[in-house]
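Raw contents of upload.cif, mmCIF, C-alpha atoms and all ligand atoms:
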```
data_coords
loop_
_atom_site.label_atom_id
_atom_site.label_comp_id
_atom_site.auth_asym_id
_atom_site.auth_seq_id
_atom_site.Cartn_x
_atom_site.Cartn_y
_atom_site.Cartn_z
CA MET A 290 105.73 77.90 103.43
CA LYS A 291 103.69 80.78 104.79
CA VAL A 292 104.79 84.35 104.17
CA VAL A 293 103.09 87.34 105.80
CA ALA A 294 103.78 90.88 104.65
CA LEU A 295 102.65 94.20 106.11
CA SER A 296 101.88 96.69 103.36
CA GLY A 297 100.68 100.15 102.54
CA GLY A 298 100.01 101.02 98.90
CA VAL A 299 102.56 101.72 96.20
CA GLY A 300 105.85 100.54 97.77
CA GLY A 301 104.32 97.67 99.72
CA ALA A 302 102.41 96.34 96.72
CA LYS A 303 105.66 96.10 94.75
CA ILE A 304 107.14 93.49 97.08
CA LEU A 305 103.74 91.83 97.52
CA LEU A 306 103.68 91.27 93.77
CA GLY A 307 107.30 90.03 93.78
CA LEU A 308 106.51 87.52 96.54
CA TYR A 309 103.25 86.51 94.88
CA ARG A 310 105.08 85.74 91.63
CA ILE A 311 107.62 83.41 93.21
CA LEU A 312 105.64 81.68 95.99
CA PRO A 313 103.30 78.72 95.51
CA PRO A 314 99.62 79.78 95.26
CA GLY A 315 98.04 80.37 98.64
CA SER A 316 101.32 81.02 100.49
CA LEU A 317 101.11 84.80 100.80
CA THR A 318 99.06 86.82 103.29
CA ALA A 319 99.13 90.59 103.02
CA ILE A 320 98.08 92.61 106.05
CA VAL A 321 97.19 96.00 104.64
CA ASN A 322 96.90 99.47 106.11
CA VAL A 323 93.41 100.99 106.25
CA ALA A 324 94.24 104.23 108.04
CA ASP A 325 94.23 106.08 104.67
CA ASP A 326 90.62 105.03 104.03
CA PHE A 327 88.15 107.84 103.56
CA GLU A 328 84.72 108.69 102.27
CA TRP A 329 84.53 110.25 98.82
CA HIS A 330 81.16 111.43 97.45
CA GLY A 331 79.50 108.86 99.69
CA LEU A 332 81.79 106.00 98.63
CA HIS A 333 84.15 104.09 100.92
CA ILE A 334 87.64 104.24 99.40
CA SER A 335 90.45 101.99 100.69
CA PRO A 336 93.44 103.18 98.65
CA ASP A 337 96.00 100.70 100.02
CA LEU A 338 93.70 97.67 99.76
CA ASP A 339 92.89 98.64 96.18
CA THR A 340 96.57 99.03 95.28
CA ALA A 341 97.28 95.56 96.71
CA LEU A 342 94.26 94.03 94.95
CA TYR A 343 95.06 95.60 91.59
CA ALA A 344 98.74 94.64 91.85
CA LEU A 345 98.08 90.96 92.59
CA ALA A 346 95.27 90.80 90.02
CA GLY A 347 97.65 92.10 87.34
CA LEU A 348 95.50 95.21 86.82
CA SER A 349 97.88 97.86 88.20
CA ASP A 350 99.20 100.84 86.43
CA TYR A 351 102.82 99.98 87.28
CA GLY A 352 104.21 103.26 85.98
CA ARG A 353 101.93 105.39 88.12
CA GLY A 354 101.86 102.95 91.03
CA TRP A 355 98.15 103.31 91.82
CA GLY A 356 94.90 102.73 89.98
CA ILE A 357 94.08 100.51 87.03
CA ALA A 358 96.21 100.42 83.88
CA GLY A 359 94.56 102.13 80.93
CA ASP A 360 91.82 103.67 83.07
CA THR A 361 90.06 106.82 81.90
CA PHE A 362 88.88 109.75 84.01
CA ASN A 363 85.62 110.85 82.34
CA MET A 364 83.58 110.70 85.54
CA LEU A 365 86.16 112.86 87.32
CA GLU A 366 85.99 115.41 84.52
CA ALA A 367 82.18 115.42 84.79
CA LEU A 368 82.44 116.08 88.53
CA ARG A 369 84.77 118.98 87.80
CA LEU A 370 82.31 120.41 85.24
CA LEU A 371 79.59 120.22 87.88
CA GLY A 372 81.73 122.26 90.23
CA GLU A 373 82.64 119.45 92.62
CA PRO A 374 86.10 118.92 94.12
CA SER A 375 88.09 116.53 91.96
CA TRP A 376 91.50 116.52 93.63
CA PHE A 377 91.31 112.83 94.47
CA ALA A 378 91.66 111.02 91.14
CA VAL A 379 89.23 108.15 90.76
CA GLY A 380 89.33 106.39 87.38
CA ASP A 381 86.21 105.18 85.60
CA ARG A 382 87.05 101.49 86.04
CA ASP A 383 88.40 102.06 89.56
CA LEU A 384 85.01 103.56 90.43
CA ALA A 385 83.39 100.12 90.13
CA THR A 386 85.49 98.88 93.07
CA HIS A 387 84.39 101.77 95.29
CA ILE A 388 80.72 101.38 94.34
CA LEU A 389 80.78 97.65 95.11
CA ARG A 390 82.72 98.02 98.36
CA THR A 391 80.32 100.70 99.58
CA ARG A 392 77.28 98.61 98.62
CA TRP A 393 78.58 95.44 100.24
CA LEU A 394 79.49 97.32 103.43
CA ALA A 395 75.98 98.82 103.49
CA GLU A 396 74.58 95.30 103.08
CA GLY A 397 76.37 94.35 106.30
CA LEU A 398 79.60 92.72 105.15
CA SER A 399 82.75 93.63 107.05
CA LEU A 400 85.69 95.23 105.24
CA SER A 401 87.58 91.92 105.40
CA GLU A 402 84.61 90.05 103.91
CA VAL A 403 84.38 92.64 101.14
CA THR A 404 88.12 92.28 100.49
CA ALA A 405 87.86 88.47 100.41
CA ARG A 406 85.06 88.77 97.87
CA PHE A 407 87.21 91.01 95.66
CA THR A 408 90.17 88.64 96.05
CA ASP A 409 87.97 85.76 95.01
CA ARG A 410 86.37 87.51 92.05
CA LEU A 411 89.75 88.74 90.80
CA ARG A 412 91.08 85.15 91.16
CA ILE A 413 93.94 86.18 93.43
CA ALA A 414 95.60 83.15 95.04
CA ALA A 415 96.68 85.06 98.16
CA THR A 416 94.96 86.32 101.28
CA ILE A 417 94.54 90.08 101.61
CA LEU A 418 93.49 91.21 105.08
CA PRO A 419 92.66 94.76 106.06
CA ALA A 420 94.54 95.30 109.33
CA THR A 421 91.24 96.00 111.09
CA ASN A 422 87.54 96.12 110.28
CA GLU A 423 87.15 99.01 112.70
CA THR A 424 87.76 102.70 112.03
CA LEU A 425 91.49 103.43 112.17
CA ARG A 426 92.50 106.77 110.66
CA THR A 427 95.68 108.81 110.35
CA TRP A 428 95.55 112.48 111.27
CA ILE A 429 98.40 114.85 110.49
CA ARG A 430 99.18 117.42 113.19
CA HIS A 431 100.44 120.75 111.81
CA PRO A 432 100.92 124.27 113.24
CA GLY A 433 97.25 125.12 112.55
CA GLY A 434 95.67 121.96 113.99
CA VAL A 435 95.06 118.54 112.45
CA MET A 436 94.09 117.41 108.97
CA ALA A 437 92.90 114.11 107.52
CA PHE A 438 95.56 112.06 105.80
CA GLN A 439 94.27 112.38 102.22
CA GLU A 440 94.04 116.15 102.61
CA TYR A 441 97.73 116.18 103.53
CA PHE A 442 98.82 113.57 101.00
CA VAL A 443 96.78 114.30 97.88
CA LEU A 444 95.25 117.80 98.22
CA ASN A 445 98.31 119.48 99.80
CA ARG A 446 100.81 117.16 98.05
CA TRP A 447 102.54 116.67 101.44
CA GLN A 448 103.76 120.28 101.55
CA THR A 449 102.15 120.98 104.95
CA GLU A 450 104.59 121.38 107.83
CA VAL A 451 104.12 118.29 110.02
CA GLU A 452 104.41 118.41 113.80
CA GLY A 453 103.19 114.89 114.50
CA VAL A 454 100.97 112.02 113.46
CA GLU A 455 97.95 110.77 115.39
CA PHE A 456 95.91 107.62 114.99
CA GLN A 457 92.18 107.70 115.62
CA GLY A 458 91.10 104.20 116.67
CA SER A 459 94.46 103.14 118.05
CA GLY A 460 94.05 99.83 119.92
CA CYS A 461 91.24 98.64 117.64
CA ASP A 462 90.71 94.91 117.14
CA PRO A 463 92.56 93.13 114.35
CA THR A 464 90.63 91.56 111.50
CA PRO A 465 89.94 87.86 112.15
CA GLY A 466 92.96 85.92 110.92
CA VAL A 467 95.54 88.71 111.27
CA LEU A 468 97.19 87.53 114.48
CA GLN A 469 97.01 83.84 113.49
CA ALA A 470 98.63 84.63 110.12
CA ILE A 471 101.51 86.42 111.84
CA GLU A 472 101.91 83.69 114.48
CA GLN A 473 101.95 80.91 111.87
CA SER A 474 104.27 82.64 109.39
CA ASP A 475 107.57 81.06 108.32
CA LEU A 476 108.71 84.45 107.07
CA PHE A 477 107.45 87.87 108.15
CA VAL A 478 108.09 90.85 105.87
CA VAL A 479 107.57 94.58 106.33
CA GLY A 480 107.36 96.04 102.82
CA PRO A 481 109.19 99.23 101.82
CA SER A 482 106.08 101.19 102.67
CA ASN A 483 106.02 104.53 104.39
CA PRO A 484 106.97 103.54 107.97
CA VAL A 485 105.08 106.40 109.59
CA VAL A 486 101.72 106.46 107.81
CA SER A 487 101.47 102.97 106.24
CA ILE A 488 103.12 100.54 108.69
CA TRP A 489 102.85 102.39 112.01
CA PRO A 490 99.02 102.39 111.91
CA ILE A 491 99.05 98.58 111.51
CA LEU A 492 101.31 98.38 114.57
CA HIS A 493 98.62 100.31 116.50
CA VAL A 494 96.12 97.47 115.99
CA LYS A 495 95.65 95.45 119.19
CA GLY A 496 97.95 92.44 119.47
CA VAL A 497 99.92 93.00 116.26
CA ARG A 498 103.16 94.17 117.88
CA ASP A 499 103.09 91.34 120.43
CA ALA A 500 102.42 88.75 117.72
CA ILE A 501 105.43 90.03 115.77
CA TYR A 502 107.68 90.17 118.86
CA SER A 503 106.88 86.59 119.76
CA LEU A 504 107.77 85.24 116.30
CA ARG A 505 110.66 82.78 116.20
CA SER A 506 110.97 83.07 112.40
CA ALA A 507 112.82 85.83 110.55
CA ARG A 508 111.29 89.30 110.45
CA VAL A 509 112.65 91.23 107.51
CA GLY A 510 112.11 94.85 106.49
CA ILE A 511 112.96 96.65 103.24
CA SER A 512 113.97 100.29 103.27
CA PRO A 513 111.76 102.82 101.45
CA ILE A 514 114.66 105.28 101.74
CA VAL A 515 117.67 105.19 99.42
CA GLY A 516 120.52 107.58 100.16
CA GLY A 517 119.01 110.63 101.86
CA SER A 518 115.50 110.50 100.42
CA ALA A 519 112.42 108.35 99.91
CA VAL A 520 112.07 106.56 96.58
CA SER A 521 108.77 108.48 96.38
CA GLY A 522 106.36 110.34 98.63
CA PRO A 523 106.64 111.94 102.07
CA ALA A 524 108.38 109.18 104.09
CA GLY A 525 111.53 111.32 104.46
CA LYS A 526 109.65 114.40 105.63
CA LEU A 527 107.57 112.39 108.11
CA LEU A 528 110.56 110.50 109.55
CA LYS A 529 112.36 113.82 109.98
CA ALA A 530 109.31 115.38 111.66
CA LEU A 531 109.37 112.52 114.19
CA GLY A 532 113.09 112.98 114.87
CA TYR A 533 114.50 110.11 112.79
CA GLN A 534 117.35 110.42 110.34
CA VAL A 535 116.24 110.33 106.71
CA SER A 536 118.19 107.24 105.69
CA ALA A 537 117.84 103.46 105.69
CA ALA A 538 119.45 103.60 109.15
CA GLY A 539 116.69 105.95 110.32
CA VAL A 540 114.07 103.46 109.08
CA ALA A 541 115.92 100.59 110.79
CA GLN A 542 115.92 102.66 113.99
CA PHE A 543 112.16 103.18 113.58
CA TYR A 544 111.72 99.37 113.47
CA SER A 545 114.36 98.69 116.12
CA GLY A 546 113.46 95.62 118.20
CA LEU A 547 110.72 94.57 115.79
CA LEU A 548 112.82 93.23 112.92
CA THR A 549 115.70 90.75 112.73
CA HIS A 550 116.76 91.42 109.12
CA PHE A 551 116.88 94.63 107.08
CA VAL A 552 117.38 95.16 103.34
CA ILE A 553 118.99 98.37 102.11
CA HIS A 554 120.12 99.65 98.73
CA ARG A 555 123.53 98.60 97.45
CA THR A 556 124.72 102.23 97.49
CA ASP A 557 124.03 102.52 101.24
CA THR A 558 126.65 100.05 102.49
CA ASP A 559 128.17 102.74 104.75
CA LEU A 560 125.09 102.23 106.98
CA VAL A 561 125.59 98.48 107.50
CA GLY A 562 127.50 98.82 110.80
CA ARG A 563 124.93 101.19 112.31
CA ILE A 564 122.02 98.95 111.39
CA GLU A 565 123.81 95.83 112.64
CA SER A 566 124.36 97.61 115.95
CA LEU A 567 120.55 97.72 116.26
CA GLY A 568 120.58 93.92 116.28
CA MET A 569 119.63 93.31 112.65
CA ARG A 570 121.35 91.40 109.90
CA VAL A 571 121.72 93.52 106.77
CA LEU A 572 121.49 92.74 103.06
CA ALA A 573 122.62 95.46 100.63
CA THR A 574 121.22 94.91 97.14
CA ASP A 575 119.18 96.63 94.45
CA ILE A 576 115.90 97.56 96.16
CA ILE A 577 114.45 99.72 93.37
CA MET A 578 111.53 97.72 91.97
CA GLY A 579 110.71 99.45 88.69
CA SER A 580 109.91 96.34 86.66
CA LEU A 581 108.06 93.12 87.34
CA GLU A 582 111.36 91.23 87.07
CA SER A 583 113.01 93.45 89.69
CA LYS A 584 110.13 92.79 92.12
CA ALA A 585 110.40 89.02 91.73
CA ARG A 586 114.20 89.14 91.85
CA LEU A 587 114.23 91.07 95.15
CA ALA A 588 111.62 88.74 96.65
CA GLU A 589 113.69 85.72 95.59
CA GLU A 590 116.90 87.22 96.94
CA ILE A 591 115.26 87.94 100.31
CA LEU A 592 113.90 84.40 100.56
CA GLN A 593 117.29 82.89 99.75
CA TRP A 594 119.06 85.19 102.21
CA VAL A 595 116.72 84.72 105.12
CA LEU A 596 115.81 81.07 104.80
CA ASN A 597 119.25 79.64 104.00
P1 LIG B 1 101.28 104.53 99.80
O1 LIG B 1 100.32 104.16 100.89
O2 LIG B 1 100.67 104.47 98.43
O3 LIG B 1 102.08 105.74 100.06
O4 LIG B 1 102.27 103.30 99.71
P2 LIG B 1 103.41 102.72 100.62
O5 LIG B 1 103.48 103.39 101.95
O6 LIG B 1 103.27 101.23 100.59
O7 LIG B 1 104.64 103.06 99.74
C1 LIG B 1 105.27 104.32 99.72
C2 LIG B 1 106.73 104.13 99.98
O8 LIG B 1 107.26 103.19 99.05
C3 LIG B 1 107.53 105.38 99.81
O9 LIG B 1 108.08 105.75 101.04
C4 LIG B 1 108.62 105.03 98.79
O10 LIG B 1 109.88 105.52 99.18
C5 LIG B 1 108.59 103.52 98.78
N1 LIG B 1 108.88 102.95 97.46
C6 LIG B 1 108.21 103.17 96.31
N2 LIG B 1 108.78 102.47 95.30
C7 LIG B 1 109.83 101.79 95.84
C8 LIG B 1 110.80 100.88 95.30
O11 LIG B 1 110.82 100.54 94.11
N3 LIG B 1 111.73 100.39 96.18
C9 LIG B 1 111.75 100.75 97.50
N4 LIG B 1 112.71 100.22 98.28
N5 LIG B 1 110.85 101.60 98.04
C10 LIG B 1 109.89 102.09 97.22
#
```
Reformat the file's structure so that it appears as structure tokens.
Ligand code: GDP
Amino acid sequence: MKVVALSGGVGGAKILLGLYRILPPGSLTAIVNVADDFEWHGLHISPDLDTALYALAGLSDYGRGWGIAGDTFNMLEALRLLGEPSWFAVGDRDLATHILRTRWLAEGLSLSEVTARFTDRLRIAATILPATNETLRTWIRHPGGVMAFQEYFVLNRWQTEVEGVEFQGSGCDPTPGVLQAIEQSDLFVVGPSNPVVSIWPILHVKGVRDAIYSLRSARVGISPIVGGSAVSGPAGKLLKALGYQVSAAGVAQFYSGLLTHFVIHRTDTDLVGRIESLGMRVLATDIIMGSLESKARLAEEILQWVLN
């Protein structure tokens, strides 16, 4: 049984962890967004890869959704005292990951080799693949020009008016193993990640869309939107900026043609007909994954629904 899931950070890692808990070791492959990656004080930071790694290694701060549980921020405070920008929060323990990644990249390893090394050292029995080893970056277009994704997301706390989203490096090559993993999957999942800035970049990697389209197995998505708003973050604002309705139906429309199954929250059953008319089967259930149990339960429910 091979399961492949596309993921961003916080929302995607929740279902990754749920799947990881219920599947036999070695069954899960996560294909993770790297378009949020950026350089911070000379270090290469891959926020979504780190969130996936920490989640599957059991290190995550589940309340906050990112970073390492129990981490401290002394280094960040020291940077602030020295007059340096400190708006991107890097914890003291988290810093070790960024130092090692940067060193290993400088030594000539690719991002996927670095990630495999982390996966191995953290004893994670799953495959975590960056979508690409090349430079793929999200730029946010606004009335004054364009800004890098982290500037929009963290510094401006997604309050900037968005006119569009652009991907630098669109059409880049996939990481070795990405297309094969999709092609050989028995179940393909799109996590409840931000469709616009977490999943869309992965779909801009060469061959990914075609590999998904040609799958004979089920392709299931989970909505990051419940009612009229995102569970967290700017997914609603970004969908609206691109002309989609801010609802699970709007997300289904975004993935129209790509997915065969779609999971929405149990309070959104009024949308079932509209989503079915897009050619998808719909499951309405509890899709809020606050606890470890709720992550595993949703993963189990999806497997039962799709495979039976
Ligand atoms: P990011 O890169 O850290 O922003 O992470 P993702 O793109 O993977 O996840 C962000 C998305 O996850 C947001 O759009 C949220 O609405 C969604 N999300 C967060 N927690 C949950 C949850 O418990 N259930 C569902 N269905 N969506 C969630």
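Remark: for ligand LIG 1 (chain B), the closest of the candidate residues A:Val486, A:Ile471, A:Leu528, A:Ile311 is A:Val486 (distances computed over all atoms listed in the file).
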Which residues of stretch 410-453 of chain A have any atom within 12 Å of an atom in stretch 366-388 of chain A when counting all atoms listed in the file, and what is the closest pair of atoms for each, with the distance in Å to one decimal? Order the rows by chain and rising number and write it as CSV.
```
residue,atom,partner,partner_atom,distance
A:Arg410,CA,A:Thr386,CA,11.4
A:Leu411,CA,A:Thr386,CA,11.2
A:Gln439,CA,A:Phe377,CA,8.3
A:Glu440,CA,A:Phe377,CA,9.2
A:Tyr441,CA,A:Phe377,CA,11.6
A:Phe442,CA,A:Phe377,CA,10.0
A:Val443,CA,A:Phe377,CA,6.6
A:Leu444,CA,A:Trp376,CA,6.1
A:Asn445,CA,A:Trp376,CA,9.7
A:Arg446,CA,A:Trp376,CA,10.3
```
- Would you please work out which residue, of A:Leu492, A:Val540, A:Ile511, A:Leu476, is nearest to A:Ile576 when using all atoms listed in the file?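 Answer, going by the shortest atom-to-atom distance: A:Ile511.
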- Message: For a test of reading the model, state the distance in Å between atom CA of A:Lys526 and atom N5 of ligand LIG 1 (chain B), rounded to one decimal.
- Response: 14.9 Å
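Between atom C9 of ligand LIG 1 (chain B) and atom CA of A:Glu565 there is a distance of 20.0 Å.
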Might I get the box with edges along x, y and z of the file that holds all atoms of ligand LIG 1 (chain B) listed there, padded by 6 Å on every side, given as centre and edge lengths in Å to one decimal, as AutoDock Vina command-line options?
```
--center_x 106.5 --center_y 103.0 --center_z 98.0 --size_x 24.4 --size_y 17.5 --size_z 19.8
```
- All residues within 8 Å of ligand LIG 1 (chain B) are required, counting only C-alpha atoms and all ligand atoms; please report them as a VMD selection string. chain A and resid 296 to 303 322 325 336 to 337 340 354 to 355 480 to 484 486 to 488 511 to 515 518 to 525 553 to 554 576 to 579
Could you make a table, as a Markdown table, of the residues of stretch 376-436 of chain A that have an atom within 12 Å of an atom of stretch 529-538 of chain A, each with its nearest atom pair and distance in Å to one decimal, counting only C-alpha atoms, in chain and number order?
```
| residue | atom | partner | partner_atom | distance |
| --- | --- | --- | --- | --- |
| A:Ile429 | CA | A:Ala530 | CA | 11.0 |
| A:Arg430 | CA | A:Ala530 | CA | 10.4 |
| A:His431 | CA | A:Ala530 | CA | 10.4 |
```
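With distances restricted to only C-alpha atoms, A:Val467 is the closest residue to A:Ser401 from A:Val454, A:Val467, A:Leu389, A:Val571.
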